[in-house]
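Shown next: target-v2.cif, containing mmCIF, C-alpha atoms and all ligand atoms.
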```cif
data_model
#
loop_
_atom_site.label_atom_id
_atom_site.label_comp_id
_atom_site.auth_asym_id
_atom_site.auth_seq_id
_atom_site.Cartn_x
_atom_site.Cartn_y
_atom_site.Cartn_z
CA LEU A 1 15.43 -36.96 -33.32
CA ALA A 2 16.17 -40.13 -35.21
CA LEU A 3 16.44 -38.16 -38.42
CA ARG A 4 18.86 -35.74 -36.86
CA GLU A 5 20.95 -38.67 -35.66
CA VAL A 6 21.16 -40.07 -39.17
CA ARG A 7 21.97 -36.67 -40.62
CA ARG A 8 24.76 -36.13 -38.14
CA ALA A 9 26.20 -39.55 -38.82
CA ALA A 10 26.04 -38.81 -42.54
CA HIS A 11 28.06 -35.67 -42.09
CA GLY A 12 30.63 -37.78 -40.40
CA GLY A 13 30.86 -35.44 -37.42
CA VAL A 14 29.25 -37.46 -34.69
CA ALA A 15 28.64 -41.12 -35.24
CA PHE A 16 26.37 -41.63 -32.25
CA PHE A 17 23.44 -39.75 -30.83
CA ASP A 18 24.34 -37.37 -28.02
CA ALA A 19 21.63 -37.91 -25.41
CA ASP A 20 22.42 -34.68 -23.60
CA MET A 21 22.07 -32.65 -26.75
CA GLY A 22 18.77 -34.37 -27.48
CA ARG A 23 17.43 -33.43 -24.08
CA ARG A 24 18.45 -29.82 -24.62
CA GLU A 25 16.81 -29.74 -28.06
CA ASP A 26 13.64 -31.14 -26.51
CA GLU A 27 13.72 -28.59 -23.70
CA ARG A 28 14.21 -25.81 -26.20
CA ARG A 29 11.25 -26.95 -28.29
CA ARG A 30 9.04 -27.08 -25.21
CA ILE A 31 10.14 -23.60 -24.10
CA ARG A 32 9.37 -22.30 -27.58
CA ARG A 33 5.89 -23.78 -27.41
CA ALA A 34 5.37 -22.47 -23.88
CA LEU A 35 6.21 -18.94 -24.99
CA MET A 36 3.35 -19.21 -27.46
CA ASP A 37 1.11 -20.70 -24.77
CA GLU A 38 0.94 -24.05 -26.52
CA GLU A 39 2.72 -26.25 -24.01
CA GLU A 40 0.87 -28.11 -21.26
CA GLY A 41 2.65 -28.06 -17.93
CA MET A 42 4.54 -24.83 -18.55
CA ALA A 43 3.27 -21.46 -17.40
CA LEU A 44 4.41 -18.01 -18.43
CA THR A 45 3.65 -15.35 -15.80
CA LEU A 46 4.85 -12.00 -14.54
CA HIS A 47 6.28 -11.14 -11.18
CA TYR A 48 6.45 -7.56 -9.93
CA GLN A 49 9.15 -5.83 -7.93
CA PRO A 50 8.51 -2.50 -6.17
CA ILE A 51 10.42 0.65 -7.14
CA VAL A 52 10.59 3.01 -4.18
CA ASP A 53 10.89 6.79 -4.09
CA LEU A 54 13.91 7.22 -1.80
CA ARG A 55 12.80 10.64 -0.53
CA SER A 56 9.24 9.84 0.44
CA ARG A 57 9.91 6.11 0.93
CA ARG A 58 6.72 5.37 -0.94
CA VAL A 59 6.29 2.79 -3.62
CA ALA A 60 6.33 4.61 -6.95
CA GLY A 61 5.67 1.64 -9.21
CA PHE A 62 6.57 -1.92 -10.11
CA GLU A 63 8.87 -3.56 -12.62
CA ALA A 64 7.33 -6.52 -14.44
CA LEU A 65 9.70 -9.48 -14.67
CA ALA A 66 8.83 -12.47 -16.83
CA ARG A 67 8.75 -15.93 -15.28
CA LEU A 68 8.48 -19.34 -16.92
CA ARG A 69 7.77 -22.39 -14.82
CA ASP A 70 7.83 -25.96 -15.96
CA ASP A 71 6.16 -28.75 -13.97
CA ARG A 72 9.26 -30.91 -14.38
CA LEU A 73 12.20 -28.48 -14.67
CA GLY A 74 11.01 -25.83 -12.22
CA TRP A 75 11.77 -22.16 -12.90
CA ILE A 76 13.58 -21.38 -16.13
CA PRO A 77 15.65 -18.16 -15.86
CA PRO A 78 14.48 -15.22 -18.02
CA GLY A 79 17.95 -14.98 -19.53
CA ARG A 80 17.39 -18.43 -21.03
CA PHE A 81 13.86 -18.17 -22.40
CA ILE A 82 14.20 -14.56 -23.56
CA GLY A 83 17.38 -15.64 -25.34
CA ILE A 84 15.55 -18.51 -27.05
CA ALA A 85 12.72 -16.17 -28.07
CA GLU A 86 15.24 -13.77 -29.58
CA GLU A 87 17.10 -16.47 -31.47
CA ASP A 88 13.93 -18.04 -32.83
CA GLY A 89 12.21 -14.84 -33.93
CA LEU A 90 9.55 -15.03 -31.21
CA ILE A 91 10.48 -11.98 -29.15
CA GLY A 92 7.91 -9.66 -30.77
CA PRO A 93 4.88 -11.86 -30.06
CA LEU A 94 6.25 -12.87 -26.64
CA SER A 95 6.78 -9.28 -25.59
CA ALA A 96 3.33 -8.31 -26.85
CA ARG A 97 1.78 -11.10 -24.82
CA LEU A 98 3.70 -10.07 -21.68
CA LEU A 99 2.88 -6.38 -22.06
CA ALA A 100 -0.83 -7.14 -22.46
CA MET A 101 -0.67 -9.23 -19.26
CA ALA A 102 1.19 -6.46 -17.42
CA CYS A 103 -1.30 -3.77 -18.48
CA ARG A 104 -4.18 -5.94 -17.33
CA ASP A 105 -2.53 -6.35 -13.91
CA ALA A 106 -1.49 -2.71 -13.59
CA LEU A 107 -4.99 -1.43 -14.40
CA ALA A 108 -6.04 -2.82 -11.01
CA TRP A 109 -3.45 -0.74 -9.12
CA PRO A 110 -3.89 2.81 -7.80
CA ALA A 111 -3.33 5.15 -10.73
CA HIS A 112 -0.23 6.84 -9.28
CA LEU A 113 1.76 3.61 -9.54
CA GLY A 114 3.87 3.21 -12.65
CA LEU A 115 4.58 0.06 -14.63
CA SER A 116 8.12 -0.68 -15.81
CA PHE A 117 8.55 -3.17 -18.62
CA ASN A 118 11.75 -4.55 -20.18
CA LEU A 119 12.26 -4.40 -23.93
CA SER A 120 14.65 -6.76 -25.67
CA ALA A 121 17.55 -5.50 -27.74
CA LEU A 122 16.02 -6.96 -30.88
CA GLU A 123 12.75 -5.10 -30.45
CA LEU A 124 14.62 -1.82 -30.41
CA LYS A 125 15.87 -2.12 -33.94
CA ASP A 126 12.43 -3.01 -35.30
CA PRO A 127 10.68 0.22 -36.37
CA ALA A 128 7.29 -1.47 -35.86
CA THR A 129 7.93 -1.86 -32.13
CA ALA A 130 6.69 1.55 -30.99
CA GLY A 131 3.41 1.20 -32.88
CA ARG A 132 2.89 -2.29 -31.55
CA ILE A 133 3.43 -1.19 -27.95
CA LEU A 134 1.16 1.83 -28.27
CA GLY A 135 -1.50 -0.37 -29.86
CA ILE A 136 -1.42 -2.75 -26.92
CA LEU A 137 -1.76 0.16 -24.48
CA ASP A 138 -4.70 1.61 -26.40
CA GLU A 139 -6.44 -1.72 -26.51
CA ALA A 140 -5.93 -2.24 -22.77
CA GLY A 141 -6.93 1.34 -21.94
CA PHE A 142 -3.63 1.86 -20.15
CA SER A 143 -2.15 5.36 -20.24
CA PRO A 144 1.34 5.57 -21.82
CA ALA A 145 2.17 8.13 -19.12
CA ARG A 146 2.18 5.29 -16.57
CA LEU A 147 4.53 3.13 -18.61
CA GLU A 148 8.31 3.05 -18.43
CA LEU A 149 10.22 0.99 -20.97
CA GLU A 150 13.61 -0.30 -19.90
CA VAL A 151 16.31 -0.90 -22.47
CA THR A 152 19.81 -2.06 -21.69
CA GLU A 153 22.92 -0.24 -22.65
CA SER A 154 24.21 -3.17 -24.67
CA ALA A 155 20.96 -3.22 -26.66
CA MET A 156 21.64 0.29 -27.78
CA SER A 157 25.22 -0.24 -28.73
CA HIS A 158 24.09 -2.85 -31.24
CA HIS A 159 21.10 -1.08 -32.74
CA ALA A 160 21.64 2.60 -32.06
CA ASP A 161 19.98 3.99 -35.18
CA GLY A 162 16.77 2.01 -34.98
CA ALA A 163 16.66 2.52 -31.23
CA GLU A 164 16.52 6.26 -31.58
CA ALA A 165 13.37 6.13 -33.72
CA VAL A 166 11.61 3.66 -31.42
CA ILE A 167 12.52 5.62 -28.28
CA ASP A 168 11.43 8.96 -29.75
CA ALA A 169 8.08 7.55 -30.92
CA LEU A 170 7.33 6.13 -27.47
CA ARG A 171 8.35 9.31 -25.65
CA ALA A 172 6.26 11.41 -28.03
CA ARG A 173 3.17 9.60 -26.71
CA GLY A 174 4.14 10.21 -23.08
CA ALA A 175 5.82 6.93 -22.16
CA SER A 176 9.15 7.06 -20.30
CA VAL A 177 12.24 5.26 -21.45
CA SER A 178 15.05 4.24 -19.14
CA ILE A 179 18.53 2.93 -19.65
CA ASP A 180 18.82 -0.35 -17.72
CA ASP A 181 21.91 -1.93 -16.13
CA PHE A 182 23.85 1.29 -16.65
CA GLY A 183 27.59 0.93 -16.29
CA THR A 184 27.91 -2.62 -17.59
CA GLY A 185 28.02 -1.87 -21.33
CA PHE A 186 30.96 -0.49 -23.20
CA SER A 187 29.60 2.54 -25.02
CA GLY A 188 27.22 4.03 -22.50
CA MET A 189 28.68 7.50 -22.71
CA ALA A 190 28.43 7.72 -26.50
CA ARG A 191 24.75 6.71 -26.38
CA LEU A 192 23.91 9.11 -23.59
CA GLY A 193 24.96 11.99 -25.78
CA ARG A 194 22.58 11.03 -28.57
CA LEU A 195 19.54 9.38 -27.09
CA ARG A 196 17.01 10.92 -24.73
CA PHE A 197 16.19 8.91 -21.64
CA ASP A 198 13.96 9.75 -18.72
CA ARG A 199 15.66 7.55 -16.15
CA LEU A 200 18.99 5.87 -15.62
CA LYS A 201 19.14 2.58 -13.70
CA VAL A 202 22.48 2.07 -11.97
CA ASP A 203 23.44 -1.58 -12.27
CA ARG A 204 23.30 -3.80 -9.23
CA CYS A 205 27.03 -4.55 -9.43
CA PHE A 206 27.85 -1.00 -8.23
CA VAL A 207 25.28 -1.05 -5.43
CA SER A 208 26.60 -4.34 -4.08
CA ARG A 209 30.10 -2.83 -3.68
CA LEU A 210 29.32 0.43 -1.93
CA ASP A 211 31.64 -0.53 0.94
CA ASP A 212 34.49 0.31 -1.47
CA ALA A 213 35.41 4.00 -1.66
CA ARG A 214 36.21 3.85 -5.40
CA GLN A 215 32.82 2.33 -6.17
CA ARG A 216 31.13 5.04 -4.15
CA THR A 217 32.97 7.63 -6.24
CA ILE A 218 31.72 6.00 -9.43
CA VAL A 219 28.11 5.90 -8.23
CA ARG A 220 28.28 9.51 -7.06
CA SER A 221 29.52 10.49 -10.54
CA ILE A 222 26.82 8.47 -12.30
CA ILE A 223 24.16 10.20 -10.18
CA ALA A 224 25.59 13.65 -11.03
CA LEU A 225 25.95 12.81 -14.72
CA GLY A 226 22.40 11.48 -14.94
CA HIS A 227 20.94 14.46 -13.13
CA ASP A 228 22.87 16.91 -15.28
CA LEU A 229 21.45 15.22 -18.38
CA GLY A 230 17.94 15.60 -16.95
CA MET A 231 17.39 12.00 -15.89
CA ALA A 232 16.08 10.57 -12.64
CA ILE A 233 18.31 7.90 -11.08
CA VAL A 234 17.17 4.45 -10.00
CA ALA A 235 19.56 2.22 -8.03
CA GLU A 236 19.09 -1.50 -8.65
CA GLY A 237 19.83 -4.35 -6.26
CA ILE A 238 19.50 -2.57 -2.90
CA GLU A 239 19.74 -5.31 -0.28
CA THR A 240 20.70 -3.52 2.95
CA PRO A 241 19.54 -0.51 5.00
CA ALA A 242 23.07 0.95 4.72
CA GLN A 243 22.94 0.92 0.90
CA SER A 244 19.50 2.48 0.95
CA ARG A 245 20.58 5.24 3.37
CA TRP A 246 23.76 6.08 1.47
CA LEU A 247 22.00 6.26 -1.91
CA ALA A 248 19.22 8.46 -0.51
CA ALA A 249 21.79 10.79 1.06
CA GLU A 250 23.62 11.07 -2.28
CA GLY A 251 20.46 12.23 -4.00
CA CYS A 252 19.55 9.02 -5.80
CA ASP A 253 15.86 9.34 -6.65
CA PHE A 254 14.55 5.77 -6.67
CA GLY A 255 15.61 2.38 -5.34
CA GLN A 256 14.79 -1.20 -6.12
CA GLY A 257 16.02 -4.42 -4.55
CA PHE A 258 15.39 -7.24 -2.12
CA PHE A 259 15.54 -4.75 0.78
CA TYR A 260 12.21 -3.33 -0.43
CA GLY A 261 10.78 -6.45 -1.95
CA LYS A 262 11.62 -9.38 -4.18
CA PRO A 263 9.76 -9.87 -7.43
CA ARG A 264 6.46 -11.59 -6.53
CA PRO A 265 3.21 -12.48 -8.22
CA MET A 266 0.66 -9.67 -7.90
CA ASP A 267 -2.02 -11.82 -6.34
CA SER A 268 0.09 -12.48 -3.24
CA PRO A 269 0.20 -9.95 -0.36
CA TYR A 270 1.57 -6.54 -1.25
CA PRO A 271 5.26 -7.18 -1.90
CA ALA A 272 6.97 -4.13 -0.37
CA ARG A 273 8.89 -3.82 2.91
CA ASN A 274 10.90 -1.01 4.48
CA VAL A 275 8.80 1.69 2.92
CA GLY A 276 7.39 4.56 4.94
CA VAL A 277 3.75 3.97 4.25
CA LEU A 278 1.82 0.77 4.29
CA CYS A 279 -0.30 1.08 1.20
CA GLY A 280 -2.01 -2.26 1.48
CA LYS A 281 -2.44 -4.47 -1.53
CA PRO A 282 -3.19 -2.42 -4.65
CA ALA A 283 -6.93 -2.71 -5.13
P1 LIG B 301 16.71 -6.43 -15.14
O1 LIG B 301 15.70 -5.76 -15.98
O2 LIG B 301 17.93 -5.64 -14.81
O3 LIG B 301 15.94 -6.86 -13.83
C1 LIG B 301 16.50 -6.86 -12.53
C2 LIG B 301 16.95 -8.24 -12.15
O4 LIG B 301 17.63 -8.17 -10.87
C3 LIG B 301 15.81 -9.22 -11.93
O5 LIG B 301 16.30 -10.51 -12.30
C4 LIG B 301 15.58 -9.15 -10.43
O6 LIG B 301 14.99 -10.32 -9.90
C5 LIG B 301 16.99 -8.99 -9.93
N1 LIG B 301 17.05 -8.29 -8.64
C6 LIG B 301 16.28 -7.28 -8.21
N2 LIG B 301 16.64 -6.85 -6.99
C7 LIG B 301 17.69 -7.62 -6.62
C8 LIG B 301 18.51 -7.66 -5.43
O7 LIG B 301 18.36 -6.90 -4.48
N3 LIG B 301 19.51 -8.60 -5.43
C9 LIG B 301 19.72 -9.45 -6.46
N4 LIG B 301 20.71 -10.35 -6.35
N5 LIG B 301 18.95 -9.45 -7.59
C10 LIG B 301 17.95 -8.53 -7.67
P2 LIG B 301 15.44 -11.49 -13.24
O8 LIG B 301 14.00 -11.39 -12.91
O9 LIG B 301 16.10 -12.82 -13.17
O10 LIG B 301 15.63 -10.89 -14.69
C11 LIG B 301 16.87 -10.88 -15.32
C12 LIG B 301 16.81 -10.06 -16.58
O11 LIG B 301 15.98 -10.69 -17.56
C13 LIG B 301 16.22 -8.66 -16.39
O12 LIG B 301 17.19 -7.80 -15.83
C14 LIG B 301 15.83 -8.33 -17.79
O13 LIG B 301 16.95 -7.85 -18.51
C15 LIG B 301 15.41 -9.68 -18.36
N6 LIG B 301 13.95 -9.77 -18.33
C16 LIG B 301 13.12 -10.11 -17.32
N7 LIG B 301 11.83 -10.04 -17.70
C17 LIG B 301 11.82 -9.64 -18.99
C18 LIG B 301 10.78 -9.36 -19.95
O14 LIG B 301 9.57 -9.43 -19.69
N8 LIG B 301 11.21 -8.97 -21.20
C19 LIG B 301 12.53 -8.83 -21.52
N9 LIG B 301 12.85 -8.45 -22.76
N10 LIG B 301 13.52 -9.07 -20.62
C20 LIG B 301 13.17 -9.47 -19.38
MG MG B 302 14.91 -3.98 -16.03
MG MG B 303 18.51 -3.86 -14.54
MG MG B 304 19.93 -6.70 -15.06
#
```

Could the structure of this file be written out as structure tokens, please?
Amino acid sequence: LALREVRRAAHGGVAFFDADMGRREDERRRIRRALMDEEEGMALTLHYQPIVDLRSRRVAGFEALARLRDDRLGWIPPGRFIGIAEEDGLIGPLSARLLAMACRDALAWPAHLGLSFNLSALELKDPATAGRILGILDEAGFSPARLELEVTESAMSHHADGAEAVIDALRARGASVSIDDFGTGFSGMARLGRLRFDRLKVDRCFVSRLDDARQRTIVRSIIALGHDLGMAIVAEGIETPAQSRWLAAEGCDFGQGFFYGKPRPMDSPYPARNVGVLCGKPA
């Protein structure tokens, strides 16, 4: 830090050391180390959120969501540490580590439950990604047929060409690929014409505004569009019984949100409410 201070002074930009910036640099370095499992006092884990079949009201699977907790700072939002991993070239190894953890957890669940896993935009443009993922599954003994990979719309608009190859290779081995946060990107329609997805996840921002007639029209159209293109529809961010009822009545296939269960660690009691069957903790 002292060196940096001198360097900055030399460049004539800042003559004194910015304590706030130093703290942020330090935090960033610790997060980087934690992602590689080299930092004491920081733990990288996965939480799981149920995805519910809206017709049968049974849990169909769980989405793995990465969590980083620091003894001093508390929870660090995934947006922050995933962003750091992407900027610092660590996303490949981080994602590999998370997927191996998720497979290990999911192998203990009943076999009909699927595992959904988020891929970063940067992984999509790397042609080695599909092979790396399939290698991790093979090593864990986890069937690709139980895995769904979620990629955001914005990820595809940046790396469309590479994405197509990665997505095709994964689907060829039986994994599903879904388009996440649908409706928030700018070129969703163009991508939908070219790339093959198994599921479409309607972004939470639409579900939270279903009291508005125009928003309902948009969601109805997204459901029809997705179905016509051969995709199943998942609604994200369901928080109320009214949202759940309306979406089910409109033919939405799956739902996810605090109404059914918040993301929780797998070793706590089975994290699903408001589903028709009590499955008990996956054993
Ligand atoms: P996402 O994949 O769209 O995940 C859904 C996010 O919505 C999660 O936030 C979840 O906690 C939150 N959520 C679910 N249901 C509700 C609800 O009913 N109400 C509200 N208000 N929120 C709800 P989270 O866990 O903070 O993750 C944020 C984003 O970070 C994820 O969005 C995903 O894009 C990314 N992310 C998380 N884990 C990973 C990971 O392992 N790898 C990568 N590449 N990205 C990840
Ligand atoms: Mg997701
Ligand atoms: Mg999402
Ligand atoms: Mg999201």

Q.
With only C-alpha atoms as the counted atoms, please give the residues lying no more than 8 Å from Gln243 (chain A), apart from itself and same-chain residues fewer than 4 positions off, as a PyMOL selection string.
A. chain A and resi 207+210+238-239+247

Could you please extract the residues within 7 Å of ligand MG 303 (chain B), counting all atoms listed in the file, and hand them back as a PDB file with C-alpha atoms, in the coordinates of the input?
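Listing of out.pdb after writing:
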```pdb
ATOM      1  CA  ASP A 180      18.820  -0.350 -17.720  1.00  0.00           C
ATOM      2  CA  ASP A 181      21.910  -1.930 -16.130  1.00  0.00           C
ATOM      3  CA  LYS A 201      19.140   2.580 -13.700  1.00  0.00           C
ATOM      4  CA  ASP A 203      23.440  -1.580 -12.270  1.00  0.00           C
ATOM      5  CA  GLU A 236      19.090  -1.500  -8.650  1.00  0.00           C
TER       6      GLU A 236
END
```

Q) Which is closer to Gly255 (chain A) than all the others in A:Lys125, A:Arg173, A:Arg204, A:Arg132, using all atoms listed in the file? A)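 That would be A:Arg204, the residue with the smallest distance to Gly255 (chain A).
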
Q. Using only C-alpha atoms and all ligand atoms, what are the residues with an atom within 12 Å of ligand MG 304 (chain B), set out as a PyMOL selection string?
A. chain A and resi 63+65+78-79+118-120+150-154+179-185+201-206+235-237+256-257

**Q.** Selected residue of minimal separation from ligand MG 302 (chain B) among A:Asp37, A:Ala102, A:Met42, A:Phe117, counting all atoms listed in the file
**A.** A:Phe117

Please put the answer as AutoDock Vina command-line options: centre and edge lengths, in Å with one decimal, of a box along x, y and z that encloses all listed atoms of region 155-172 of chain A plus 4 Å on each side.
```
--center_x 15.7 --center_y 4.1 --center_z -30.4 --size_x 27.0 --size_y 22.6 --size_z 17.5
```

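Coordinates place CA of Glu139 (chain A) at a distance of 27.9 Å from CA of Glu40 (chain A).
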
**Q.** Shortest interatomic distance to ligand MG 302 (chain B) - which of A:Gly230, A:Gly89, A:Gly41, A:Pro50, counting all atoms listed in the file
**A.**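 For ligand MG 302 (chain B), the nearest of the candidates is A:Pro50.
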
Select from region 41-117 of chain A every residue with an atom at most 12 Å from any atom of region 25-28 of chain A, then for each give the shortest pair of atoms and their distance in Å to one decimal, using only C-alpha atoms, rows by chain and rising number, as a Markdown table.
```
| residue | atom | partner | partner_atom | distance |
| --- | --- | --- | --- | --- |
| A:Met42 | CA | A:Glu27 | CA | 11.2 |
| A:Asp70 | CA | A:Glu27 | CA | 10.1 |
| A:Arg72 | CA | A:Glu27 | CA | 10.6 |
| A:Leu73 | CA | A:Glu27 | CA | 9.2 |
| A:Ile76 | CA | A:Glu27 | CA | 10.5 |
| A:Arg80 | CA | A:Arg28 | CA | 9.6 |
| A:Phe81 | CA | A:Arg28 | CA | 8.5 |
| A:Ile82 | CA | A:Arg28 | CA | 11.6 |
| A:Gly83 | CA | A:Arg28 | CA | 10.7 |
| A:Ile84 | CA | A:Arg28 | CA | 7.5 |
| A:Ala85 | CA | A:Arg28 | CA | 9.9 |
| A:Glu87 | CA | A:Arg28 | CA | 11.1 |
| A:Asp88 | CA | A:Arg28 | CA | 10.2 |
```

Q.
Counting all atoms listed in the file, which residue out of A:Arg191, A:Gly261, A:Leu99, A:Leu149 sits closest to ligand MG 302 (chain B)?
A. A:Leu149
